[in-house]
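**Student:** Below is a structure I'd like to ask you about.
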Amino acid sequence: MLLEQKLNEDILKITMKIRNEHPELLKYLNELTVTLPDVNNPEMTNKVLQEYFNSLESILKKYTINQ
């Protein structure tokens with residue numbers, strides 16, 4: 001449970017960073033290859049959360065390197 005909470009906090013932090021510091025990247029958030037499941041009863045596993053966080057982090061890193 002602690003890992004899940006930490007992952008959720010990390011996802012929130014990086015999402016807020018993108019929104020506040022790089023709003024031009026918001027359009028890519030909906031286009032992620034790894035997204036949170038879009039079903040009625042999604043199974044939120046630590047693996048799914050970690051993959052989502054990694055995809056957010058990747059977008060941010062690629063953007064800041066190329067800036």
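We name chains A, B, ... following the order of the structure tokens; residues begin at 1 in each chain, and ligands are numbered from 1 as shown.
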Tell me, as an NGL selection string, which residues lie within 12 Å of Gln5 in chain A, counting only C-alpha atoms; anything in the same chain fewer than 2 positions away does not count.
**Tutor:** :A and (1-3 or 7-12 or 44-46 or 49-50)
**Student:** Could you dump the residues just selected with C-alpha atoms as a PDB file, in the first residue's frame?
**Tutor:**
```pdb
ATOM      1  CA  MET A   1       0.000   0.000   0.000  1.00  0.00           C
ATOM      2  CA  LEU A   2       2.860   2.401   0.732  1.00  0.00           C
ATOM      3  CA  LEU A   3       4.351   1.845  -2.703  1.00  0.00           C
ATOM      4  CA  LEU A   7       3.580   6.181  -6.934  1.00  0.00           C
ATOM      5  CA  ASN A   8       0.361   8.197  -6.855  1.00  0.00           C
ATOM      6  CA  GLU A   9       2.178  11.077  -5.173  1.00  0.00           C
ATOM      7  CA  ASP A  10       4.967  10.927  -7.760  1.00  0.00           C
ATOM      8  CA  ILE A  11       2.452  10.913 -10.619  1.00  0.00           C
ATOM      9  CA  LEU A  12       0.700  13.926  -9.140  1.00  0.00           C
ATOM     10  CA  MET A  44      -4.592  -0.398 -10.574  1.00  0.00           C
ATOM     11  CA  THR A  45      -1.461  -2.331  -9.911  1.00  0.00           C
ATOM     12  CA  ASN A  46       1.869  -0.931  -8.883  1.00  0.00           C
ATOM     13  CA  LEU A  49       1.233   3.061 -11.941  1.00  0.00           C
ATOM     14  CA  GLN A  50       4.992   2.722 -12.368  1.00  0.00           C
TER      15      GLN A  50
END
```
**Student:** Identify, on the basis of only C-alpha atoms, every residue whose closest approach to range 58-61 of chain A does not exceed 9 Å; exclude the query and any residue fewer than 4 positions from it along the same chain; express the result as a PyMOL selection string.
**Tutor:** chain A and resi 14+18+22+25+28-29+32+53-54+65-66
**Student:** Which residue, A:Thr15, A:Glu21, A:Gln67, A:Glu4, has the smallest gap to Lys47 in chain A when you use only C-alpha atoms?
**Tutor:**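 Of all the options, A:Glu4 lies closest to Lys47 in chain A.
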**Student:** List every residue of chain A that DSSP, applied to the backbone of this structure, places in helix (DSSP H, G or I), and write the result as a PyMOL selection string.
**Tutor:** chain A and resi 2-21+23-29+46-66
